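Source file: final-v9.tsv. Holds: TSV, C-alpha atoms and all ligand atoms.
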```
chain	number	residue	atom	x	y	z
T	1	MET	CA	-65.58	-24.60	38.26
T	2	GLU	CA	-64.24	-25.66	34.88
T	3	ARG	CA	-66.07	-22.81	33.25
T	4	THR	CA	-64.40	-20.29	35.57
T	5	THR	CA	-60.93	-21.68	34.76
T	6	LEU	CA	-61.62	-21.44	31.05
T	7	ARG	CA	-62.86	-17.89	31.36
T	8	CYS	CA	-59.85	-17.01	33.41
T	9	PHE	CA	-57.51	-18.52	30.83
T	10	TYR	CA	-59.25	-16.61	28.10
T	11	ILE	CA	-58.83	-13.33	29.88
T	12	VAL	CA	-55.16	-14.04	30.63
T	13	CYS	CA	-54.54	-15.04	27.03
T	14	MET	CA	-56.23	-11.92	25.64
T	15	PHE	CA	-54.02	-9.95	27.93
T	16	CYS	CA	-50.95	-11.80	26.62
T	17	THR	CA	-51.68	-11.17	22.94
T	18	ALA	CA	-52.59	-7.58	23.54
T	19	LEU	CA	-49.34	-6.88	25.33
T	20	ALA	CA	-46.75	-8.99	23.57
T	21	GLY	CA	-46.40	-8.12	19.90
T	22	ASP	CA	-43.58	-10.67	19.56
T	23	SER	CA	-45.83	-13.62	20.29
T	24	CYS	CA	-47.86	-12.64	17.24
T	25	SER	CA	-45.17	-14.08	14.93
T	26	LEU	CA	-46.00	-11.39	12.38
T	27	GLU	CA	-43.58	-8.74	11.27
T	28	LEU	CA	-44.35	-5.77	9.06
T	29	LYS	CA	-41.58	-4.60	6.75
T	30	PRO	CA	-41.38	-1.68	7.11
T	31	ALA	CA	-43.26	-1.27	10.41
T	32	ARG	CA	-43.97	2.41	9.70
T	33	VAL	CA	-44.57	3.95	6.30
T	34	VAL	CA	-44.82	7.59	5.37
T	35	VAL	CA	-46.55	8.10	2.01
T	36	ALA	CA	-47.22	11.28	0.09
T	37	PHE	CA	-50.81	11.65	-1.14
T	38	GLY	CA	-51.15	9.86	-4.51
T	39	GLU	CA	-47.87	7.95	-4.20
T	40	PRO	CA	-47.45	4.14	-4.26
T	41	VAL	CA	-46.94	2.07	-1.13
T	42	THR	CA	-45.82	-1.51	-0.53
T	43	VAL	CA	-45.57	-3.28	2.82
T	44	ASN	CA	-44.76	-6.92	3.45
T	45	CYS	CA	-46.24	-8.90	6.29
T	46	VAL	CA	-44.07	-11.86	7.21
T	47	ALA	CA	-45.07	-14.77	9.44
T	48	SER	CA	-42.34	-16.54	11.39
T	49	ARG	CA	-44.22	-19.85	11.83
T	50	PRO	CA	-46.49	-21.94	9.59
T	51	VAL	CA	-49.68	-20.07	8.85
T	52	ARG	CA	-53.01	-21.18	7.43
T	53	VAL	CA	-54.20	-17.76	6.19
T	54	LEU	CA	-52.24	-14.53	6.06
T	55	GLY	CA	-53.97	-11.37	4.94
T	56	TRP	CA	-54.36	-7.62	4.94
T	57	GLU	CA	-57.52	-5.99	6.19
T	58	SER	CA	-57.81	-2.54	4.63
T	59	ALA	CA	-60.28	-0.28	2.84
T	60	VAL	CA	-57.96	-0.39	-0.16
T	61	GLY	CA	-55.71	-3.21	-1.33
T	62	ALA	CA	-57.18	-5.87	0.98
T	63	THR	CA	-55.72	-9.28	0.15
T	64	HIS	CA	-54.91	-12.68	1.61
T	65	THR	CA	-52.85	-15.80	0.89
T	66	GLN	CA	-53.05	-19.39	2.11
T	67	ASN	CA	-50.04	-21.17	3.58
T	68	ASP	CA	-47.65	-18.44	2.33
T	69	LEU	CA	-45.33	-16.87	4.90
T	70	THR	CA	-45.53	-13.46	3.21
T	71	VAL	CA	-48.39	-11.28	2.06
T	72	GLN	CA	-47.97	-7.90	0.43
T	73	TRP	CA	-50.12	-4.81	0.85
T	74	LYS	CA	-49.66	-2.77	-2.29
T	75	VAL	CA	-51.43	0.33	-3.53
T	76	ASP	CA	-50.28	2.08	-6.73
T	77	SER	CA	-51.57	5.49	-5.75
T	78	LEU	CA	-52.79	6.05	-2.21
T	79	ILE	CA	-55.52	8.69	-2.31
T	80	ASP	CA	-57.89	7.41	0.37
T	81	TRP	CA	-57.73	8.64	3.94
T	82	ILE	CA	-58.07	5.12	5.25
T	83	GLU	CA	-57.76	3.62	8.70
T	84	GLU	CA	-54.43	1.96	9.37
T	85	PRO	CA	-54.33	-1.43	7.55
T	86	ILE	CA	-54.04	-4.57	9.67
T	87	CYS	CA	-52.14	-7.75	8.81
T	88	TYR	CA	-53.73	-10.84	10.35
T	89	GLY	CA	-52.64	-14.46	10.52
T	90	VAL	CA	-54.58	-17.64	11.23
T	91	PHE	CA	-52.14	-20.26	12.50
T	92	PHE	CA	-52.15	-24.06	12.94
T	93	THR	CA	-50.96	-23.81	16.53
T	94	ALA	CA	-51.71	-21.49	19.45
T	95	PRO	CA	-51.96	-18.58	19.50
T	96	ARG	CA	-54.17	-19.35	16.55
T	97	GLN	CA	-54.94	-15.79	15.54
T	98	CYS	CA	-53.18	-12.54	15.80
T	99	GLU	CA	-52.73	-9.26	14.01
T	100	GLU	CA	-50.37	-6.33	13.57
T	101	LYS	CA	-51.48	-2.82	12.78
T	102	LEU	CA	-49.43	-0.90	10.25
T	103	ASN	CA	-48.24	2.52	11.35
T	104	LEU	CA	-49.29	4.37	8.20
T	105	VAL	CA	-48.83	8.11	7.75
T	106	LEU	CA	-50.43	9.51	4.61
T	107	TYR	CA	-49.46	13.15	4.22
T	108	LYS	CA	-50.42	16.01	1.99
T	109	THR	CA	-48.59	19.31	1.64
T	110	PRO	CA	-50.88	22.36	1.86
T	111	ASP	CA	-52.68	23.79	-1.18
T	112	SER	CA	-51.75	27.25	0.03
T	113	VAL	CA	-50.03	29.14	2.83
T	114	SER	CA	-50.95	32.80	3.06
T	115	ILE	CA	-50.20	35.66	5.38
T	116	SER	CA	-52.40	38.67	6.09
T	117	LEU	CA	-52.62	41.67	8.37
T	118	ASN	CA	-55.75	42.75	10.28
T	119	HIS	CA	-55.37	46.24	8.93
T	120	THR	CA	-55.22	47.99	5.58
T	121	GLY	CA	-52.79	50.80	4.96
T	122	THR	CA	-49.60	51.68	6.73
T	123	MET	CA	-48.90	50.59	10.30
T	124	VAL	CA	-48.04	53.12	12.96
T	125	GLU	CA	-45.13	52.60	15.36
T	126	GLY	CA	-46.07	51.49	18.86
T	127	LYS	CA	-49.50	50.14	17.92
T	128	GLU	CA	-50.34	46.45	18.04
T	129	TYR	CA	-51.28	44.49	14.94
T	130	GLN	CA	-52.16	40.91	14.26
T	131	LEU	CA	-50.58	38.89	11.48
T	132	LEU	CA	-52.48	35.79	10.43
T	133	CYS	CA	-51.03	32.77	8.65
T	134	GLU	CA	-53.57	30.46	7.04
T	135	VAL	CA	-52.79	26.97	5.80
T	136	GLN	CA	-55.26	25.21	3.53
T	137	ASN	CA	-55.69	21.47	3.20
T	138	ILE	CA	-52.82	19.90	5.11
T	139	ALA	CA	-52.51	16.44	6.68
T	140	PRO	CA	-51.76	15.12	9.18
T	141	VAL	CA	-51.79	18.35	11.13
T	142	GLN	CA	-50.17	16.76	14.20
T	143	TYR	CA	-46.82	16.78	12.34
T	144	LEU	CA	-47.15	20.41	11.27
T	145	THR	CA	-45.02	23.26	12.56
T	146	LEU	CA	-45.87	26.78	11.41
T	147	ARG	CA	-42.79	28.95	11.50
T	148	TRP	CA	-42.89	32.73	11.49
T	149	TYR	CA	-39.99	34.71	10.07
T	150	ARG	CA	-39.05	38.35	10.35
T	151	GLY	CA	-36.64	38.73	7.44
T	152	GLN	CA	-34.59	35.52	7.63
T	153	THR	CA	-34.95	35.10	11.39
T	154	GLU	CA	-37.46	32.70	12.93
T	155	VAL	CA	-39.38	34.66	15.55
T	156	TYR	CA	-42.08	32.19	16.55
T	157	ASN	CA	-43.23	28.65	15.83
T	158	HIS	CA	-46.57	27.04	16.40
T	159	SER	CA	-47.02	23.28	16.52
T	160	PHE	CA	-50.27	21.36	16.28
T	161	SER	CA	-49.19	18.09	17.88
T	162	ASP	CA	-52.23	18.05	20.16
T	163	LEU	CA	-54.60	17.80	17.21
T	164	THR	CA	-55.62	14.35	16.01
T	165	PRO	CA	-57.28	14.48	12.58
T	166	THR	CA	-55.45	12.48	9.93
T	167	THR	CA	-57.50	13.95	7.07
T	168	PRO	CA	-56.73	17.35	5.49
T	169	VAL	CA	-57.72	20.39	7.53
T	170	GLN	CA	-57.32	24.15	7.50
T	171	VAL	CA	-55.32	25.70	10.35
T	172	SER	CA	-54.03	29.14	11.22
T	173	SER	CA	-51.62	30.86	13.55
T	174	SER	CA	-51.48	34.47	14.58
T	175	LEU	CA	-48.59	36.66	15.57
T	176	LEU	CA	-48.98	39.96	17.42
T	177	ILE	CA	-46.47	42.62	16.50
T	178	THR	CA	-45.86	46.12	17.77
T	179	PRO	CA	-43.75	47.63	14.98
T	180	THR	CA	-41.00	50.17	15.54
T	181	MET	CA	-38.95	52.08	12.98
T	182	ALA	CA	-36.69	49.00	12.78
T	183	ASP	CA	-39.60	47.09	11.19
T	184	HIS	CA	-39.99	49.58	8.33
T	185	GLY	CA	-39.29	47.72	5.09
T	186	VAL	CA	-39.01	44.32	6.82
T	187	GLN	CA	-40.73	41.27	5.33
T	188	TYR	CA	-42.66	38.73	7.37
T	189	THR	CA	-43.26	35.23	6.06
T	190	CYS	CA	-44.68	32.05	7.46
T	191	ALA	CA	-43.83	28.51	6.44
T	192	ALA	CA	-45.69	25.25	6.97
T	193	GLU	CA	-43.31	22.39	7.67
T	194	LEU	CA	-44.32	18.74	7.97
T	195	ASP	CA	-41.82	16.85	10.08
T	196	LEU	CA	-42.88	13.25	9.57
T	197	GLY	CA	-40.14	11.61	11.61
T	198	ILE	CA	-37.06	9.61	10.65
T	199	ASP	CA	-39.03	7.55	8.08
T	200	GLY	CA	-40.33	10.75	6.51
T	201	PRO	CA	-38.80	12.79	3.70
T	202	ARG	CA	-35.65	14.80	4.47
T	203	PRO	CA	-35.60	17.76	4.49
T	204	PRO	CA	-39.19	17.98	5.78
T	205	PRO	CA	-41.69	19.14	3.11
T	206	ARG	CA	-42.16	22.87	3.43
T	207	VAL	CA	-44.43	25.46	1.83
T	208	SER	CA	-43.84	29.18	2.43
T	209	SER	CA	-46.17	32.12	2.14
T	210	LYS	CA	-45.43	35.09	-0.06
T	211	PRO	CA	-43.61	37.70	2.03
T	212	LEU	CA	-45.66	40.45	3.61
T	213	ASP	CA	-43.95	43.83	3.30
T	214	ILE	CA	-44.23	45.95	6.39
T	215	THR	CA	-44.37	49.70	6.08
T	216	VAL	CA	-44.40	51.63	9.31
T	217	HIS	CA	-45.05	55.29	9.95
T	218	PHE	CA	-42.82	56.71	12.68
T	219	SER	CA	-41.90	60.15	13.91
T	220	PRO	CA	-38.60	61.81	12.96
T	221	SER	CA	-35.43	61.19	14.95
T	222	PHE	CA	-31.80	62.23	14.63
T	223	SER	CA	-28.89	59.83	14.74
T	224	GLN	CA	-27.04	62.54	16.75
T	225	PRO	CA	-29.68	64.51	18.61
T	226	GLU	CA	-27.13	66.59	20.60
T	227	ASP	CA	-26.53	70.23	19.80
T	228	GLU	CA	-23.62	70.83	17.44
T	229	THR	CA	-21.17	73.67	17.85
T	230	LEU	CA	-19.10	75.00	14.93
T	231	GLU	CA	-16.33	77.59	15.01
T	232	LEU	CA	-16.16	79.61	11.81
T	233	SER	CA	-14.17	82.54	10.47
T	234	LYS	CA	-16.00	85.13	8.45
T	235	GLY	CA	-16.61	83.84	4.93
T	236	ASP	CA	-16.14	80.13	5.79
T	237	GLU	CA	-18.68	77.81	4.35
T	238	ALA	CA	-20.90	76.22	6.98
T	239	SER	CA	-22.80	73.05	6.35
T	240	LEU	CA	-25.45	72.22	8.93
T	241	ASN	CA	-26.75	68.70	8.48
T	242	CYS	CA	-30.14	68.19	10.08
T	243	THR	CA	-31.04	64.98	8.23
T	244	ALA	CA	-33.50	62.94	10.31
T	245	VAL	CA	-35.08	59.55	9.70
T	246	GLY	CA	-38.84	59.39	9.68
T	247	SER	CA	-41.71	57.85	7.80
T	248	PRO	CA	-43.18	59.46	5.84
T	249	PRO	CA	-39.91	61.35	5.09
T	250	PRO	CA	-39.79	64.47	7.27
T	251	SER	CA	-39.96	68.04	6.03
T	252	TYR	CA	-37.58	70.64	7.47
T	253	THR	CA	-37.74	74.19	8.71
T	254	TRP	CA	-34.87	76.37	9.91
T	255	SER	CA	-35.03	79.39	12.14
T	256	THR	CA	-32.66	81.70	13.91
T	257	ALA	CA	-33.12	84.81	15.99
T	258	ALA	CA	-30.67	86.69	13.77
T	259	LEU	CA	-32.58	85.83	10.61
T	260	SER	CA	-36.07	85.60	12.01
T	261	LEU	CA	-37.52	87.66	9.22
T	262	GLU	CA	-35.54	86.10	6.47
T	263	LYS	CA	-37.00	83.03	4.85
T	264	MET	CA	-34.63	80.11	5.22
T	265	GLU	CA	-34.48	77.04	3.07
T	266	ASP	CA	-36.65	73.97	3.66
T	267	GLN	CA	-33.77	71.56	3.18
T	268	PRO	CA	-32.20	69.07	5.58
T	269	ILE	CA	-28.75	70.53	4.95
T	270	LEU	CA	-28.15	74.21	5.20
T	271	THR	CA	-25.03	75.28	3.38
T	272	SER	CA	-23.93	78.88	3.29
T	273	THR	CA	-20.95	81.20	3.55
T	274	ALA	CA	-23.16	83.93	4.95
T	275	LEU	CA	-24.12	82.44	8.30
T	276	ARG	CA	-23.44	84.77	11.16
T	277	PRO	CA	-22.62	83.54	14.65
T	278	GLY	CA	-25.75	82.51	16.50
T	279	THR	CA	-28.04	79.61	17.21
T	280	TYR	CA	-29.80	77.89	14.31
T	281	THR	CA	-32.71	75.60	15.08
T	282	CYS	CA	-33.84	72.99	12.64
T	283	THR	CA	-37.14	71.12	12.98
T	284	ALA	CA	-37.86	67.86	11.19
T	285	SER	CA	-41.55	66.97	11.13
T	286	ASN	CA	-44.00	64.54	9.66
T	287	ILE	CA	-47.59	63.47	10.38
T	288	LEU	CA	-46.51	61.63	13.53
T	289	GLY	CA	-44.44	64.29	15.23
T	290	LYS	CA	-41.52	66.67	15.15
T	291	LYS	CA	-37.98	66.93	16.54
T	292	SER	CA	-35.68	69.90	16.77
T	293	LYS	CA	-31.94	70.21	16.83
T	294	GLN	CA	-29.68	73.20	17.43
T	295	PHE	CA	-26.52	74.26	15.67
T	296	ILE	CA	-24.44	76.90	17.41
T	297	ILE	CA	-22.07	78.93	15.29
T	298	LYS	CA	-19.27	80.66	17.16
T	299	PRO	CA	-16.63	82.98	15.73
T	300	LYS	CA	-13.23	81.36	15.45
T	301	PRO	CA	-10.94	83.01	18.02
U	401	LIG	C1	-55.63	44.15	14.99
U	401	LIG	O1	-55.25	43.34	16.08
U	401	LIG	C2	-54.75	44.04	17.22
U	401	LIG	C3	-54.26	43.02	18.21
U	401	LIG	O2	-55.18	42.03	18.44
U	401	LIG	C4	-55.86	44.92	17.79
U	401	LIG	O3	-55.35	45.64	18.89
U	401	LIG	C5	-56.33	45.87	16.70
U	401	LIG	O4	-57.42	46.62	17.17
U	401	LIG	C6	-56.75	45.10	15.45
U	401	LIG	N1	-57.03	46.06	14.39
U	401	LIG	C7	-58.12	45.98	13.61
U	401	LIG	C8	-58.25	47.02	12.57
U	401	LIG	O5	-58.95	45.09	13.75
U	402	LIG	C1	-39.85	26.64	18.50
U	402	LIG	O1	-39.25	27.79	19.05
U	402	LIG	C2	-38.60	27.55	20.30
U	402	LIG	C3	-38.07	28.87	20.81
U	402	LIG	O2	-38.96	29.90	20.58
U	402	LIG	C4	-37.47	26.56	20.10
U	402	LIG	O3	-36.87	26.28	21.35
U	402	LIG	C5	-38.03	25.28	19.52
U	402	LIG	O4	-36.96	24.41	19.23
U	402	LIG	C6	-38.80	25.57	18.26
U	402	LIG	N1	-39.46	24.36	17.84
U	402	LIG	C7	-39.25	23.82	16.66
U	402	LIG	C8	-40.03	22.59	16.34
U	402	LIG	O5	-38.46	24.29	15.86
U	403	LIG	C1	-26.15	64.12	6.92
U	403	LIG	O1	-26.47	63.26	8.03
U	403	LIG	C2	-27.00	62.02	7.66
U	403	LIG	C3	-27.46	61.31	8.92
U	403	LIG	O2	-26.73	61.68	10.03
U	403	LIG	C4	-25.96	61.25	6.89
U	403	LIG	O3	-26.47	60.02	6.50
U	403	LIG	C5	-25.59	62.06	5.65
U	403	LIG	O4	-24.52	61.40	4.96
U	403	LIG	C6	-25.13	63.45	6.01
U	403	LIG	N1	-24.93	64.22	4.81
U	403	LIG	C7	-23.85	64.95	4.57
U	403	LIG	C8	-23.80	65.68	3.26
U	403	LIG	O5	-22.94	65.03	5.38
```
Please express what this file holds, its structure, as C-alpha cells.
Amino acid sequence: MERTTLRCFYIVCMFCTALAGDSCSLELKPARVVVAFGEPVTVNCVASRPVRVLGWESAVGATHTQNDLTVQWKVDSLIDWIEEPICYGVFFTAPRQCEEKLNLVLYKTPDSVSISLNHTGTMVEGKEYQLLCEVQNIAPVQYLTLRWYRGQTEVYNHSFSDLTPTTPVQVSSSLLITPTMADHGVQYTCAAELDLGIDGPRPPPRVSSKPLDITVHFSPSFSQPEDETLELSKGDEASLNCTAVGSPPPSYTWSTAALSLEKMEDQPILTSTALRPGTYTCTASNILGKKSKQFIIKPKP
C-alpha cells in the first residue's frame, strides 16, 4: 500500500518537473543563443534558491560550482556540432534536482551557392529547362530559405523547415522555366538566406550565386505586324522599315511583283526614291522561323 503511494507520488512529481519549467528555479540568460561557427558564446545559469551544486553538462565547456547561484557556460570559439548544453542544479530542498536545456543554434553560412542549367548552349523559346541551385555546407538547414530571382524580382522561394539536421549539409532547389523572348538577356540568381529568428543576426546572413545569363533563341516578330500603306508622289523618298526582333538576329529579303527580276537589298530598311506603286513584301527569317510584312505604295492623288 505504502509502496503504491510512493510510486504514485514519484510519477506525479516527474510529471510536475517535466511540465513546469518555473519550479526548476533555474534561469538561463539568455534562454536562446544564436552563434556563428567559430564565434564565442557565454550563457549564465542562475538559480533562484540556495543550491548545493550548479553545473553545465556539455560536450564542450562543461563546468560546475558549489553553493554559487550562478554558473557560466563559456566557449571561446564554438566549432563543435554539439547537443544542446544542459544546466543542472542540485538543491537542499525539494525539488532536489532539476535542469534546463539551452536553446542553442550554431549556424554556418554556405561554402558556396551555385546555379546551373541542365543544358549547354542556347535555350529555345517555348521549351522547358531546369535551373538547379546547389548550396554546400550550410547549417542548420531548417532555417534556410533559397530564393530564386529573375533579374531583381523574386520568382520562387524554397524553405527547408521540415528538415532536422543541425550539422552542415548540402541542399538544392530546382526551378523549371519555359523561356520566351522576354527572357533573352535576363539573369537568374539564387540566394541562400538563414533566418535565425529574432535572436539571430539582422539582416539574415545571405550568400548569392553568380548570375546565370540566359540567352534564348526565338523566331522573328514585328512590333507592328500590320500592313503599312504609303502615299508617294513620283520622286519622293520612301523608307520601308521592316526591322524585326529575333534571336539570332534575323536576315531580310524583299520582293515585289514589279521588281521580281531585280535583286533587292538584304537590309531591314529599304530606302529609295525609285519605288514604283505596288506591294513590297519583306521577310525576316532566322533558324527558328520567318515572318513577312507588306508595304503598299500608292500614288499620291
Ligand atoms: C532539362 O529539364 C527539362 C525539365 O525537366 C526537361 O524537359 C529537359 O529534357 C531537360 N534537358 C536535358 C538536356 O536534360
Ligand atoms: C515565399 O514566396 C511566397 C509567394 O510565392 C510568399 O508568400 C512567401 O512570403 C515567401 N516566403 C518567404 C520566406 O519569403
Ligand atoms: C525601324 O523600326 C524599328 C522597330 O519598329 C525601330 O526600332 C527603328 O527605330 C526604326 N528605324 C527607323 C530608321 O525608323
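For the pair atom CA of Ile115 of chain T and atom CA of Pro179 of chain T, the interatomic distance is 16.6 Å.
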Pull the neighbourhood of (-50.4, -8.6, 8.3) for me: all residues within 10 Å in file coordinates, counting only C-alpha atoms, as an mmCIF file with C-alpha atoms, in the frame of the given file.
```cif
data_model
loop_
_atom_site.group_PDB
_atom_site.id
_atom_site.type_symbol
_atom_site.label_atom_id
_atom_site.label_comp_id
_atom_site.auth_asym_id
_atom_site.auth_seq_id
_atom_site.Cartn_x
_atom_site.Cartn_y
_atom_site.Cartn_z
ATOM 1 C CA LEU T 26 -46.000 -11.390 12.380
ATOM 2 C CA GLU T 27 -43.580 -8.740 11.270
ATOM 3 C CA LEU T 28 -44.350 -5.770 9.060
ATOM 4 C CA LYS T 29 -41.580 -4.600 6.750
ATOM 5 C CA VAL T 43 -45.570 -3.280 2.820
ATOM 6 C CA ASN T 44 -44.760 -6.920 3.450
ATOM 7 C CA CYS T 45 -46.240 -8.900 6.290
ATOM 8 C CA VAL T 46 -44.070 -11.860 7.210
ATOM 9 C CA ALA T 47 -45.070 -14.770 9.440
ATOM 10 C CA LEU T 54 -52.240 -14.530 6.060
ATOM 11 C CA GLY T 55 -53.970 -11.370 4.940
ATOM 12 C CA TRP T 56 -54.360 -7.620 4.940
ATOM 13 C CA GLU T 57 -57.520 -5.990 6.190
ATOM 14 C CA THR T 63 -55.720 -9.280 0.150
ATOM 15 C CA HIS T 64 -54.910 -12.680 1.610
ATOM 16 C CA THR T 70 -45.530 -13.460 3.210
ATOM 17 C CA VAL T 71 -48.390 -11.280 2.060
ATOM 18 C CA GLN T 72 -47.970 -7.900 0.430
ATOM 19 C CA TRP T 73 -50.120 -4.810 0.850
ATOM 20 C CA PRO T 85 -54.330 -1.430 7.550
ATOM 21 C CA ILE T 86 -54.040 -4.570 9.670
ATOM 22 C CA CYS T 87 -52.140 -7.750 8.810
ATOM 23 C CA TYR T 88 -53.730 -10.840 10.350
ATOM 24 C CA GLY T 89 -52.640 -14.460 10.520
ATOM 25 C CA CYS T 98 -53.180 -12.540 15.800
ATOM 26 C CA GLU T 99 -52.730 -9.260 14.010
ATOM 27 C CA GLU T 100 -50.370 -6.330 13.570
ATOM 28 C CA LYS T 101 -51.480 -2.820 12.780
ATOM 29 C CA LEU T 102 -49.430 -0.900 10.250
#
```
statement: Expressed in Å, the length from atom CA of Asn67 of chain T to atom CA of Val51 of chain T is 5.4 Å
field: Nearest-residue call for ligand LIG 402 (chain U), choices T:Gln294, T:Thr145, T:Ser272, T:Gln152, using only C-alpha atoms and all ligand atoms
entry: T:Thr145
- prompt: Between T:Thr164, T:Thr256, T:Gln97, T:Thr180, which one has atoms that come closest to Ser219 of chain T, using only C-alpha atoms?
  reply: T:Thr180
- line: Nearest to ligand LIG 403 (chain U), restricted to only C-alpha atoms and all ligand atoms and choosing among T:Pro268, T:Pro220, T:Gly235, T:Pro250, comes out as T:Pro268
field: Within-6 Å residues of ligand LIG 401 (chain U), basis all atoms listed in the file, as a list in words
entry: Asn118, His119, Glu128, Tyr129 and Gln130 of chain T
message: Which residues are near segment 274-280 of chain T? Cut-off 6 Å, all atoms listed in the file, ignore same chain within fewer than 5 positions. Put them as a count of residues only.
response: 7
